[in-house]
file work.cif (mmCIF, C-alpha atoms)
data_structure
loop_
_atom_site.group_PDB
_atom_site.id
_atom_site.type_symbol
_atom_site.label_atom_id
_atom_site.label_comp_id
_atom_site.auth_asym_id
_atom_site.auth_seq_id
_atom_site.Cartn_x
_atom_site.Cartn_y
_atom_site.Cartn_z
ATOM 1 C CA MET Q 1 96.304 35.643 -6.119
ATOM 2 C CA LYS Q 2 95.696 37.892 -9.143
ATOM 3 C CA LYS Q 3 94.491 34.879 -11.126
ATOM 4 C CA ILE Q 4 91.986 33.970 -8.415
ATOM 5 C CA LEU Q 5 90.651 37.526 -8.274
ATOM 6 C CA PHE Q 6 90.418 37.629 -12.073
ATOM 7 C CA ILE Q 7 88.525 34.320 -12.219
ATOM 8 C CA LEU Q 8 86.254 35.384 -9.355
ATOM 9 C CA GLY Q 9 85.512 38.712 -11.086
ATOM 10 C CA LEU Q 10 84.862 36.985 -14.400
ATOM 11 C CA SER Q 11 82.531 34.468 -12.737
ATOM 12 C CA LEU Q 12 80.567 37.208 -10.992
ATOM 13 C CA GLY Q 13 80.264 39.035 -14.317
ATOM 14 C CA PHE Q 14 78.735 35.975 -15.974
ATOM 15 C CA ILE Q 15 76.371 35.412 -13.056
ATOM 16 C CA SER Q 16 75.169 39.016 -13.062
ATOM 17 C CA CYS Q 17 74.585 38.877 -16.830
ATOM 18 C CA GLY Q 18 72.311 35.873 -16.296
ATOM 19 C CA GLU Q 19 70.181 37.814 -13.820
ATOM 20 C CA ASN Q 20 69.148 40.207 -16.588
ATOM 21 C CA ASP Q 21 68.033 37.380 -18.888
ATOM 22 C CA PRO Q 22 64.233 37.622 -19.113
ATOM 23 C CA SER Q 23 63.778 34.138 -20.593
ATOM 24 C CA HIS Q 24 62.713 32.830 -17.145
ATOM 25 C CA LEU Q 25 59.436 34.747 -17.667
ATOM 26 C CA ILE Q 26 58.395 32.800 -20.778
ATOM 27 C CA PRO Q 27 56.879 29.711 -19.078
ATOM 28 C CA PHE Q 28 54.512 31.915 -17.071
ATOM 29 C CA ILE Q 29 53.048 33.824 -20.033
ATOM 30 C CA THR Q 30 50.941 30.960 -21.367
ATOM 31 C CA GLY Q 31 47.489 30.821 -19.817
ATOM 32 C CA TYR Q 32 44.132 32.466 -19.245
ATOM 33 C CA TRP Q 33 44.448 36.041 -17.979
ATOM 34 C CA GLU Q 34 41.913 38.495 -16.575
ATOM 35 C CA ILE Q 35 42.738 42.193 -16.632
ATOM 36 C CA LYS Q 36 43.245 43.582 -13.142
ATOM 37 C CA SER Q 37 44.358 47.180 -13.772
ATOM 38 C CA VAL Q 38 45.819 49.598 -16.291
ATOM 39 C CA GLU Q 39 48.147 52.446 -15.434
ATOM 40 C CA MET Q 40 47.702 55.053 -18.158
ATOM 41 C CA PRO Q 41 50.707 57.010 -19.483
ATOM 42 C CA ASP Q 42 49.557 60.040 -17.442
ATOM 43 C CA GLY Q 43 49.709 57.962 -14.224
ATOM 44 C CA THR Q 44 45.948 57.433 -13.889
ATOM 45 C CA LEU Q 45 45.096 53.972 -12.567
ATOM 46 C CA LYS Q 46 42.004 52.166 -13.829
ATOM 47 C CA GLU Q 47 41.033 49.041 -11.895
ATOM 48 C CA PHE Q 48 38.787 46.269 -13.208
ATOM 49 C CA THR Q 49 36.650 44.345 -10.741
ATOM 50 C CA VAL Q 50 34.443 42.523 -13.260
ATOM 51 C CA ASN Q 51 35.474 41.290 -16.706
ATOM 52 C CA THR Q 52 33.253 39.835 -19.410
ATOM 53 C CA SER Q 53 36.223 38.542 -21.387
ATOM 54 C CA VAL Q 54 39.576 36.940 -20.677
ATOM 55 C CA ASP Q 55 42.799 36.858 -22.648
ATOM 56 C CA TYR Q 56 44.279 33.528 -23.635
ATOM 57 C CA ILE Q 57 47.961 33.680 -24.451
ATOM 58 C CA THR Q 58 49.972 30.728 -25.656
ATOM 59 C CA VAL Q 59 53.705 30.649 -26.349
ATOM 60 C CA GLN Q 60 55.603 28.053 -28.364
ATOM 61 C CA GLY Q 61 59.276 28.706 -28.871
ATOM 62 C CA ASP Q 62 59.807 32.310 -29.915
ATOM 63 C CA SER Q 63 56.239 33.017 -31.052
ATOM 64 C CA GLY Q 64 52.728 32.955 -29.710
ATOM 65 C CA VAL Q 65 49.057 33.799 -30.098
ATOM 66 C CA HIS Q 66 46.862 36.159 -28.076
ATOM 67 C CA LYS Q 67 43.079 35.539 -28.185
ATOM 68 C CA LYS Q 68 40.066 37.102 -26.503
ATOM 69 C CA LEU Q 69 37.571 34.654 -25.017
ATOM 70 C CA MET Q 70 34.244 34.997 -23.273
ATOM 71 C CA PRO Q 71 33.814 32.521 -20.415
ATOM 72 C CA ARG Q 72 30.488 30.692 -20.182
ATOM 73 C CA LEU Q 73 28.784 29.474 -17.034
ATOM 74 C CA ASP Q 74 29.341 25.824 -18.008
ATOM 75 C CA GLY Q 75 33.135 26.317 -17.964
ATOM 76 C CA SER Q 76 33.559 26.554 -21.748
ATOM 77 C CA TYR Q 77 34.589 29.646 -23.723
ATOM 78 C CA ARG Q 78 33.215 31.538 -26.694
ATOM 79 C CA GLU Q 79 36.111 32.598 -28.892
ATOM 80 C CA PHE Q 80 36.149 36.019 -30.496
ATOM 81 C CA PRO Q 81 36.746 35.754 -34.253
ATOM 82 C CA SER Q 82 40.167 37.407 -34.318
ATOM 83 C CA SER Q 83 43.484 36.557 -32.712
ATOM 84 C CA GLU Q 84 46.871 38.232 -32.800
ATOM 85 C CA LYS Q 85 50.145 36.460 -33.456
ATOM 86 C CA PHE Q 86 53.350 37.746 -31.914
ATOM 87 C CA LYS Q 87 57.080 37.094 -31.903
ATOM 88 C CA LEU Q 88 59.053 36.986 -28.662
ATOM 89 C CA VAL Q 89 62.355 38.838 -28.809
ATOM 90 C CA HIS Q 90 65.052 39.424 -26.183
ATOM 91 C CA GLN Q 91 66.096 43.040 -26.546
ATOM 92 C CA ASN Q 92 68.167 45.154 -24.126
ATOM 93 C CA ASP Q 93 67.608 42.752 -21.206
ATOM 94 C CA SER Q 94 63.847 42.805 -21.863
ATOM 95 C CA LEU Q 95 61.356 40.315 -23.240
ATOM 96 C CA ILE Q 96 59.248 41.946 -25.942
ATOM 97 C CA MET Q 97 56.168 40.645 -27.719
ATOM 98 C CA PHE Q 98 56.021 42.087 -31.268
ATOM 99 C CA TYR Q 99 52.505 41.970 -32.762
ATOM 100 C CA GLU Q 100 51.647 42.450 -36.407
ATOM 101 C CA THR Q 101 48.209 42.268 -38.030
ATOM 102 C CA PRO Q 102 46.966 43.509 -41.397
ATOM 103 C CA PHE Q 103 45.671 46.590 -39.547
ATOM 104 C CA ALA Q 104 48.427 47.518 -37.079
ATOM 105 C CA SER Q 105 51.710 46.582 -35.453
ATOM 106 C CA TRP Q 106 52.792 47.228 -31.866
ATOM 107 C CA LYS Q 107 54.938 45.867 -29.099
ATOM 108 C CA GLU Q 108 54.457 44.934 -25.461
ATOM 109 C CA THR Q 109 57.331 44.618 -23.015
ATOM 110 C CA VAL Q 110 56.880 41.931 -20.384
ATOM 111 C CA ILE Q 111 57.584 43.630 -17.058
ATOM 112 C CA SER Q 112 56.881 40.614 -14.855
ATOM 113 C CA ALA Q 113 55.285 37.191 -15.034
ATOM 114 C CA ASP Q 114 54.711 34.477 -12.460
ATOM 115 C CA GLU Q 115 52.060 31.898 -11.532
ATOM 116 C CA GLN Q 116 49.507 34.533 -10.482
ATOM 117 C CA GLU Q 117 50.249 37.778 -12.335
ATOM 118 C CA LEU Q 118 51.402 39.100 -15.706
ATOM 119 C CA ALA Q 119 52.366 42.728 -16.337
ATOM 120 C CA VAL Q 120 53.094 44.197 -19.773
ATOM 121 C CA LYS Q 121 53.808 47.704 -20.966
ATOM 122 C CA ASN Q 122 52.782 49.140 -24.317
ATOM 123 C CA ALA Q 123 52.159 52.617 -25.741
ATOM 124 C CA ASN Q 124 48.769 52.764 -23.974
ATOM 125 C CA GLY Q 125 50.067 52.027 -20.477
ATOM 126 C CA ILE Q 126 50.980 49.232 -18.095
ATOM 127 C CA TYR Q 127 48.517 46.336 -18.066
ATOM 128 C CA VAL Q 128 48.406 44.052 -15.051
ATOM 129 C CA TYR Q 129 46.598 40.731 -15.413
ATOM 130 C CA LYS Q 130 45.709 38.127 -12.819
ATOM 131 C CA ARG Q 131 45.407 34.428 -13.569
ATOM 132 C CA PHE Q 132 41.804 33.665 -14.521
ATOM 133 C CA LYS Q 133 39.976 31.120 -12.427
ATOM 134 C CA ASN Q 134 37.145 29.522 -14.360
ATOM 135 C CA LEU Q 135 33.701 29.523 -12.797
ATOM 136 C CA ASP Q 136 32.557 26.063 -11.808
ATOM 137 C CA LEU Q 137 28.795 26.245 -11.421
ATOM 138 C CA LYS Q 138 28.073 22.605 -12.214
ATOM 139 C CA THR Q 139 25.666 21.030 -9.772
ATOM 140 C CA GLU Q 140 25.613 17.391 -8.845
#
call {"tool": "encode", "arguments": {"input": "work.cif", "output": "C-alpha cells"}}
result
Amino acid sequence: MKKILFILGLSLGFISCGENDPSHLIPFITGYWEIKSVEMPDGTLKEFTVNTSVDYITVQGDSGVHKKLMPRLDGSYREFPSSEKFKLVHQNDSLIMFYETPFASWKETVISADEQELAVKNANGIYVYKRFKNLDLKTE
C-alpha cells in the first residue's frame, strides 16, 4: 500500500510540474498582433480602438523576431526599417523574451497566449494584443 501511495504521489508531482511549463504558449506567439490595451505600472489602463501599425512576431526554436508593420488597404504591409531579435527562455515557470539591440536590452514575460490574444509584461506595463485581421477591401 505504501508503494502505491508513493508512486501515486510521485506521479502527481510530475503532472503538476508539467502544468507550470509555459512552452505550450510558444505556438501561439507567432502572428500579426494589434495592440488592444496597456495597463501602466500605476494601474492606469489605456485602451486602443484604432491602430495604424501592427506587430508581427515570429518564433523559430528558442529565438524570434518582432517587427512593426503598417497595413495597407490592398492587404499588403509596409515594413518599418527596424526589427528586434529576441531569445526565448524558460525561467522560474515563465516564458521570457529577452531583447537586445545596439541601443537597449529588455525583457518581456509572456503572461498568456492563445489563438486570439497575447499578453506580455515588461517594465512599462502589461500589453494585451488581439490577433490582427487584415482588411480585405478588394472589389470584384
call {"tool": "resolve_selection", "arguments": {"input": "work.cif", "expression": "the PyMOL selection byres ((chain Q and resi 102-117) around 12)", "output": "PyMOL selection string"}}
result
chain Q and resi 22-37+66+82-101+118-133
call {"tool": "write_last_selection", "arguments": {"input": "work.cif", "atoms": "C-alpha atoms", "output": "mmCIF file, keeping the file's coordinate frame"}}
result
data_model
loop_
_atom_site.group_PDB
_atom_site.id
_atom_site.type_symbol
_atom_site.label_atom_id
_atom_site.label_comp_id
_atom_site.auth_asym_id
_atom_site.auth_seq_id
_atom_site.Cartn_x
_atom_site.Cartn_y
_atom_site.Cartn_z
ATOM 1 C CA PRO Q 22 64.233 37.622 -19.113
ATOM 2 C CA SER Q 23 63.778 34.138 -20.593
ATOM 3 C CA HIS Q 24 62.713 32.830 -17.145
ATOM 4 C CA LEU Q 25 59.436 34.747 -17.667
ATOM 5 C CA ILE Q 26 58.395 32.800 -20.778
ATOM 6 C CA PRO Q 27 56.879 29.711 -19.078
ATOM 7 C CA PHE Q 28 54.512 31.915 -17.071
ATOM 8 C CA ILE Q 29 53.048 33.824 -20.033
ATOM 9 C CA THR Q 30 50.941 30.960 -21.367
ATOM 10 C CA GLY Q 31 47.489 30.821 -19.817
ATOM 11 C CA TYR Q 32 44.132 32.466 -19.245
ATOM 12 C CA TRP Q 33 44.448 36.041 -17.979
ATOM 13 C CA GLU Q 34 41.913 38.495 -16.575
ATOM 14 C CA ILE Q 35 42.738 42.193 -16.632
ATOM 15 C CA LYS Q 36 43.245 43.582 -13.142
ATOM 16 C CA SER Q 37 44.358 47.180 -13.772
ATOM 17 C CA HIS Q 66 46.862 36.159 -28.076
ATOM 18 C CA SER Q 82 40.167 37.407 -34.318
ATOM 19 C CA SER Q 83 43.484 36.557 -32.712
ATOM 20 C CA GLU Q 84 46.871 38.232 -32.800
ATOM 21 C CA LYS Q 85 50.145 36.460 -33.456
ATOM 22 C CA PHE Q 86 53.350 37.746 -31.914
ATOM 23 C CA LYS Q 87 57.080 37.094 -31.903
ATOM 24 C CA LEU Q 88 59.053 36.986 -28.662
ATOM 25 C CA VAL Q 89 62.355 38.838 -28.809
ATOM 26 C CA HIS Q 90 65.052 39.424 -26.183
ATOM 27 C CA GLN Q 91 66.096 43.040 -26.546
ATOM 28 C CA ASN Q 92 68.167 45.154 -24.126
ATOM 29 C CA ASP Q 93 67.608 42.752 -21.206
ATOM 30 C CA SER Q 94 63.847 42.805 -21.863
ATOM 31 C CA LEU Q 95 61.356 40.315 -23.240
ATOM 32 C CA ILE Q 96 59.248 41.946 -25.942
ATOM 33 C CA MET Q 97 56.168 40.645 -27.719
ATOM 34 C CA PHE Q 98 56.021 42.087 -31.268
ATOM 35 C CA TYR Q 99 52.505 41.970 -32.762
ATOM 36 C CA GLU Q 100 51.647 42.450 -36.407
ATOM 37 C CA THR Q 101 48.209 42.268 -38.030
ATOM 38 C CA LEU Q 118 51.402 39.100 -15.706
ATOM 39 C CA ALA Q 119 52.366 42.728 -16.337
ATOM 40 C CA VAL Q 120 53.094 44.197 -19.773
ATOM 41 C CA LYS Q 121 53.808 47.704 -20.966
ATOM 42 C CA ASN Q 122 52.782 49.140 -24.317
ATOM 43 C CA ALA Q 123 52.159 52.617 -25.741
ATOM 44 C CA ASN Q 124 48.769 52.764 -23.974
ATOM 45 C CA GLY Q 125 50.067 52.027 -20.477
ATOM 46 C CA ILE Q 126 50.980 49.232 -18.095
ATOM 47 C CA TYR Q 127 48.517 46.336 -18.066
ATOM 48 C CA VAL Q 128 48.406 44.052 -15.051
ATOM 49 C CA TYR Q 129 46.598 40.731 -15.413
ATOM 50 C CA LYS Q 130 45.709 38.127 -12.819
ATOM 51 C CA ARG Q 131 45.407 34.428 -13.569
ATOM 52 C CA PHE Q 132 41.804 33.665 -14.521
ATOM 53 C CA LYS Q 133 39.976 31.120 -12.427
#
call {"tool": "atom_distance", "arguments": {"input": "work.cif", "atom1": "CA of Gly75 in chain Q", "atom2": "CA of Thr49 in chain Q"}}
result
19.7 Å
call {"tool": "atom_distance", "arguments": {"input": "work.cif", "atom1": "CA of Asp74 in chain Q", "atom2": "CA of Gln60 in chain Q"}}
result
28.3 Å
call {"tool": "atom_distance", "arguments": {"input": "work.cif", "atom1": "CA of Thr58 in chain Q", "atom2": "CA of Glu79 in chain Q"}}
result
14.4 Å
call {"tool": "residues_near_point", "arguments": {"input": "work.cif", "point": "(40.3, 50.8, -12.3)", "cutoff": "7 Å", "atoms": "all atoms listed in the file", "output": "NGL selection string"}}
result
:Q and (37-38 or 45-48)
call {"tool": "build_atoms", "arguments": {"input": "work.cif", "residues": "range 39-74 of chain Q", "atoms": "N, CA and C atoms", "output": "PDB file, keeping the file's coordinate frame"}}
result
ATOM      1  N   GLU Q  39      47.597  51.139 -15.794  1.00  0.00           N
ATOM      2  CA  GLU Q  39      48.147  52.446 -15.434  1.00  0.00           C
ATOM      3  C   GLU Q  39      48.382  53.195 -16.735  1.00  0.00           C
ATOM      4  N   MET Q  40      47.622  54.261 -16.932  1.00  0.00           N
ATOM      5  CA  MET Q  40      47.702  55.053 -18.158  1.00  0.00           C
ATOM      6  C   MET Q  40      49.033  55.827 -18.199  1.00  0.00           C
ATOM      7  N   PRO Q  41      49.456  56.261 -19.387  1.00  0.00           N
ATOM      8  CA  PRO Q  41      50.707  57.010 -19.483  1.00  0.00           C
ATOM      9  C   PRO Q  41      50.750  58.265 -18.601  1.00  0.00           C
ATOM     10  N   ASP Q  42      49.581  58.851 -18.300  1.00  0.00           N
ATOM     11  CA  ASP Q  42      49.557  60.040 -17.442  1.00  0.00           C
ATOM     12  C   ASP Q  42      49.573  59.698 -15.955  1.00  0.00           C
ATOM     13  N   GLY Q  43      49.659  58.388 -15.617  1.00  0.00           N
ATOM     14  CA  GLY Q  43      49.709  57.962 -14.224  1.00  0.00           C
ATOM     15  C   GLY Q  43      48.374  57.565 -13.635  1.00  0.00           C
ATOM     16  N   THR Q  44      47.278  57.817 -14.355  1.00  0.00           N
ATOM     17  CA  THR Q  44      45.948  57.433 -13.889  1.00  0.00           C
ATOM     18  C   THR Q  44      45.846  55.920 -13.821  1.00  0.00           C
ATOM     19  N   LEU Q  45      45.264  55.410 -12.740  1.00  0.00           N
ATOM     20  CA  LEU Q  45      45.096  53.972 -12.567  1.00  0.00           C
ATOM     21  C   LEU Q  45      43.631  53.604 -12.726  1.00  0.00           C
ATOM     22  N   LYS Q  46      43.366  52.664 -13.634  1.00  0.00           N
ATOM     23  CA  LYS Q  46      42.004  52.166 -13.829  1.00  0.00           C
ATOM     24  C   LYS Q  46      41.981  50.710 -13.379  1.00  0.00           C
ATOM     25  N   GLU Q  47      41.124  50.402 -12.404  1.00  0.00           N
ATOM     26  CA  GLU Q  47      41.033  49.041 -11.895  1.00  0.00           C
ATOM     27  C   GLU Q  47      39.786  48.357 -12.431  1.00  0.00           C
ATOM     28  N   PHE Q  48      39.888  47.058 -12.672  1.00  0.00           N
ATOM     29  CA  PHE Q  48      38.787  46.269 -13.208  1.00  0.00           C
ATOM     30  C   PHE Q  48      38.377  45.236 -12.162  1.00  0.00           C
ATOM     31  N   THR Q  49      37.133  45.308 -11.731  1.00  0.00           N
ATOM     32  CA  THR Q  49      36.650  44.345 -10.741  1.00  0.00           C
ATOM     33  C   THR Q  49      35.843  43.229 -11.386  1.00  0.00           C
ATOM     34  N   VAL Q  50      35.229  43.516 -12.535  1.00  0.00           N
ATOM     35  CA  VAL Q  50      34.443  42.523 -13.260  1.00  0.00           C
ATOM     36  C   VAL Q  50      34.867  42.560 -14.724  1.00  0.00           C
ATOM     37  N   ASN Q  51      35.082  41.385 -15.298  1.00  0.00           N
ATOM     38  CA  ASN Q  51      35.474  41.290 -16.706  1.00  0.00           C
ATOM     39  C   ASN Q  51      34.544  40.324 -17.431  1.00  0.00           C
ATOM     40  N   THR Q  52      34.100  40.719 -18.605  1.00  0.00           N
ATOM     41  CA  THR Q  52      33.253  39.835 -19.410  1.00  0.00           C
ATOM     42  C   THR Q  52      34.069  39.005 -20.389  1.00  0.00           C
ATOM     43  N   SER Q  53      35.360  39.321 -20.505  1.00  0.00           N
ATOM     44  CA  SER Q  53      36.223  38.542 -21.387  1.00  0.00           C
ATOM     45  C   SER Q  53      37.552  38.283 -20.692  1.00  0.00           C
ATOM     46  N   VAL Q  54      38.243  37.264 -21.171  1.00  0.00           N
ATOM     47  CA  VAL Q  54      39.576  36.940 -20.677  1.00  0.00           C
ATOM     48  C   VAL Q  54      40.509  36.843 -21.875  1.00  0.00           C
ATOM     49  N   ASP Q  55      41.785  36.976 -21.611  1.00  0.00           N
ATOM     50  CA  ASP Q  55      42.799  36.858 -22.648  1.00  0.00           C
ATOM     51  C   ASP Q  55      43.456  35.494 -22.515  1.00  0.00           C
ATOM     52  N   TYR Q  56      43.556  34.790 -23.628  1.00  0.00           N
ATOM     53  CA  TYR Q  56      44.279  33.528 -23.635  1.00  0.00           C
ATOM     54  C   TYR Q  56      45.543  33.743 -24.442  1.00  0.00           C
ATOM     55  N   ILE Q  57      46.668  33.508 -23.795  1.00  0.00           N
ATOM     56  CA  ILE Q  57      47.961  33.680 -24.451  1.00  0.00           C
ATOM     57  C   ILE Q  57      48.669  32.339 -24.425  1.00  0.00           C
ATOM     58  N   THR Q  58      49.190  31.954 -25.576  1.00  0.00           N
ATOM     59  CA  THR Q  58      49.972  30.728 -25.656  1.00  0.00           C
ATOM     60  C   THR Q  58      51.301  31.039 -26.331  1.00  0.00           C
ATOM     61  N   VAL Q  59      52.359  30.436 -25.813  1.00  0.00           N
ATOM     62  CA  VAL Q  59      53.705  30.649 -26.349  1.00  0.00           C
ATOM     63  C   VAL Q  59      54.289  29.299 -26.717  1.00  0.00           C
ATOM     64  N   GLN Q  60      54.860  29.229 -27.927  1.00  0.00           N
ATOM     65  CA  GLN Q  60      55.603  28.053 -28.364  1.00  0.00           C
ATOM     66  C   GLN Q  60      56.885  28.546 -29.003  1.00  0.00           C
ATOM     67  N   GLY Q  61      57.992  28.247 -28.363  1.00  0.00           N
ATOM     68  CA  GLY Q  61      59.276  28.706 -28.871  1.00  0.00           C
ATOM     69  C   GLY Q  61      59.391  30.213 -28.778  1.00  0.00           C
ATOM     70  N   ASP Q  62      59.644  30.849 -29.910  1.00  0.00           N
ATOM     71  CA  ASP Q  62      59.807  32.310 -29.915  1.00  0.00           C
ATOM     72  C   ASP Q  62      58.602  33.031 -30.519  1.00  0.00           C
ATOM     73  N   SER Q  63      57.441  32.363 -30.529  1.00  0.00           N
ATOM     74  CA  SER Q  63      56.239  33.017 -31.052  1.00  0.00           C
ATOM     75  C   SER Q  63      55.030  32.583 -30.227  1.00  0.00           C
ATOM     76  N   GLY Q  64      53.918  33.285 -30.458  1.00  0.00           N
ATOM     77  CA  GLY Q  64      52.728  32.955 -29.710  1.00  0.00           C
ATOM     78  C   GLY Q  64      51.484  33.553 -30.322  1.00  0.00           C
ATOM     79  N   VAL Q  65      50.359  33.312 -29.655  1.00  0.00           N
ATOM     80  CA  VAL Q  65      49.057  33.799 -30.098  1.00  0.00           C
ATOM     81  C   VAL Q  65      48.330  34.372 -28.887  1.00  0.00           C
ATOM     82  N   HIS Q  66      47.640  35.472 -29.111  1.00  0.00           N
ATOM     83  CA  HIS Q  66      46.862  36.159 -28.076  1.00  0.00           C
ATOM     84  C   HIS Q  66      45.419  36.210 -28.574  1.00  0.00           C
ATOM     85  N   LYS Q  67      44.488  35.598 -27.798  1.00  0.00           N
ATOM     86  CA  LYS Q  67      43.079  35.539 -28.185  1.00  0.00           C
ATOM     87  C   LYS Q  67      42.218  36.123 -27.073  1.00  0.00           C
ATOM     88  N   LYS Q  68      41.080  36.663 -27.460  1.00  0.00           N
ATOM     89  CA  LYS Q  68      40.066  37.102 -26.503  1.00  0.00           C
ATOM     90  C   LYS Q  68      39.000  36.010 -26.443  1.00  0.00           C
ATOM     91  N   LEU Q  69      38.587  35.672 -25.230  1.00  0.00           N
ATOM     92  CA  LEU Q  69      37.571  34.654 -25.017  1.00  0.00           C
ATOM     93  C   LEU Q  69      36.515  35.188 -24.060  1.00  0.00           C
ATOM     94  N   MET Q  70      35.314  34.661 -24.206  1.00  0.00           N
ATOM     95  CA  MET Q  70      34.244  34.997 -23.273  1.00  0.00           C
ATOM     96  C   MET Q  70      33.892  33.728 -22.505  1.00  0.00           C
ATOM     97  N   PRO Q  71      34.144  33.715 -21.187  1.00  0.00           N
ATOM     98  CA  PRO Q  71      33.814  32.521 -20.415  1.00  0.00           C
ATOM     99  C   PRO Q  71      32.308  32.313 -20.302  1.00  0.00           C
ATOM    100  N   ARG Q  72      31.902  31.056 -20.349  1.00  0.00           N
ATOM    101  CA  ARG Q  72      30.488  30.692 -20.182  1.00  0.00           C
ATOM    102  C   ARG Q  72      30.304  30.040 -18.824  1.00  0.00           C
ATOM    103  N   LEU Q  73      29.071  30.016 -18.359  1.00  0.00           N
ATOM    104  CA  LEU Q  73      28.784  29.474 -17.034  1.00  0.00           C
ATOM    105  C   LEU Q  73      29.083  27.983 -16.921  1.00  0.00           C
ATOM    106  N   ASP Q  74      29.070  27.263 -18.054  1.00  0.00           N
ATOM    107  CA  ASP Q  74      29.341  25.824 -18.008  1.00  0.00           C
ATOM    108  C   ASP Q  74      30.834  25.496 -18.017  1.00  0.00           C
TER     109      ASP Q  74
END
